[in-house]
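Read through the structure below, which is laid out as structure tokens, and then see the notes.
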Amino acid sequence: MDRRAAAGNYGETAARGYLAAKGYEILAERYRVSGGEIDLIAKDGGYLVFVEVKYRRQANFGSPAAGVTKTKRRAIAATAQRYLADKGLTDVDCRFDVIEVFGREQLTINHIENAFWT
């Protein structure tokens with residue numbers, strides 16, 4: 001595994017633990033289809049939540065959430081539609097969250113609910 005993938009896995013593991021501690025039910029991790037990937041899919045009360053995780057060791061280069069570009073948001077939304085279709089889910093309240101993870105040993109997590117709409 002290359003360094004970048006290992007860092008991404010580290011951030012996703014921290015985000016998964018954070019969401020589980022908040023009472024979210026984790027339904028899927030690294031859901032991949034042709035053209036897209038969603039880091040985490042979880043249930044929060046009545047919401048199905050599609051989560052993009054952005055990890056940075058340092059905050060020197062701006063907000064990790066800024067890396068969720070318009071193109072990335074479109075890809076996440078299209079992948080979410082595929083997930084819903086694959087699971088036969090039609091009348092479900094959904095939202096798109098971004099979780100920023102900063103640091104190494106001492107992590108800071110910033111959870112942005114409803115980070116974007118489609």
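FYI, nothing fancy with the structure tokens labels: chains A, B, ... in order, residues from 1 per chain, ligands from 1 as they appear.
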
Residues within 7 Å of A:Arg56, only C-alpha atoms, excluding chain neighbours under 4 positions, as a list of chain:residue names:
A:Pro64, A:Val101, A:Phe102, A:Gly103

Considering only C-alpha atoms, tabulate each residue of stretch 18-37 of chain A that lies at most 7 Å from stretch 76-99 of chain A along with its nearest interatomic pair and the corresponding distance in Å to one decimal; arrange the rows by chain and ascending residue number and present them as a tab-separated table.
```
residue	atom	partner	partner_atom	distance
A:Val33	CA	A:Thr79	CA	6.7
A:Gly36	CA	A:Thr79	CA	5.6
A:Glu37	CA	A:Thr79	CA	6.4
```

Residues of stretch 9-112 of chain A in strand (DSSP E or B), written as a ChimeraX atom specification:
/A:25-33,36-44,47-56,93-102,108-112

Report as a ChimeraX atom specification all protein, DNA and RNA residues lying within 12 Å of A:Arg57, evaluated on only C-alpha atoms, omitting residues in the same chain fewer than 5 positions from it.
/A:4,7-8,10-11,62-64,100-109

Which residue out of A:Val51, A:Arg32, A:Ala65, A:Ala115 has the minimum interatomic distance to A:Leu19 when only C-alpha atoms are used?
A:Val51

Calculated over only C-alpha atoms, which of the candidates A:Tyr24, A:Gly67, A:Ala14, A:Tyr31 has the smallest distance to A:Gly46?
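Using only C-alpha atoms, the shortest distance to A:Gly46 belongs to A:Tyr24.
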
Kindly give the distance, in Å, that separates atom CA of A:Asp44 and atom CA of A:Arg30, rounded to a single decimal.
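So the answer is 18.0 Å.
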
Between atom CA of A:Lys70 and atom CA of A:Glu25, what is the distance in Å, rounded to a tenth?
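Computing it gives 27.5 Å between the two atoms.
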
Interatomic distance between atom CA of A:Trp117 and atom CA of A:Phe50?
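These two atoms are separated by 11.2 Å.
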
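For A:Ala20, the non-local neighbours within 12 Å, defined as residues at least 3 positions apart in the same chain or in other chains and counting only C-alpha atoms, are Thr13, Ala14, Ala15, Arg16, Gly17, Gly23, Tyr24, Glu25, Ile26, Leu27, Leu40, Ile41, Ala42, Lys43 and Asp44 of chain A.
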
Please save C-alpha atoms of the selected residues as an mmCIF file, in the first residue's frame.
```cif
data_model
loop_
_atom_site.group_PDB
_atom_site.id
_atom_site.type_symbol
_atom_site.label_atom_id
_atom_site.label_comp_id
_atom_site.auth_asym_id
_atom_site.auth_seq_id
_atom_site.Cartn_x
_atom_site.Cartn_y
_atom_site.Cartn_z
ATOM 1 C CA THR A 13 -10.627 4.525 10.341
ATOM 2 C CA ALA A 14 -10.667 7.578 12.640
ATOM 3 C CA ALA A 15 -13.857 8.885 11.006
ATOM 4 C CA ARG A 16 -15.563 5.490 11.290
ATOM 5 C CA GLY A 17 -14.752 5.329 15.009
ATOM 6 C CA GLY A 23 -24.337 6.335 17.443
ATOM 7 C CA TYR A 24 -24.206 6.081 13.652
ATOM 8 C CA GLU A 25 -24.645 2.639 12.156
ATOM 9 C CA ILE A 26 -21.914 2.034 9.575
ATOM 10 C CA LEU A 27 -23.450 0.289 6.550
ATOM 11 C CA LEU A 40 -18.404 5.676 4.390
ATOM 12 C CA ILE A 41 -22.136 5.084 4.218
ATOM 13 C CA ALA A 42 -23.956 5.256 7.526
ATOM 14 C CA LYS A 43 -27.376 5.517 9.084
ATOM 15 C CA ASP A 44 -28.071 8.430 11.426
#
```

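With distances taken over only C-alpha atoms, A:Ile112 is the one residue among A:Asp39, A:Ala28, A:Ile112, A:Val49 lying closest to A:Ala66.
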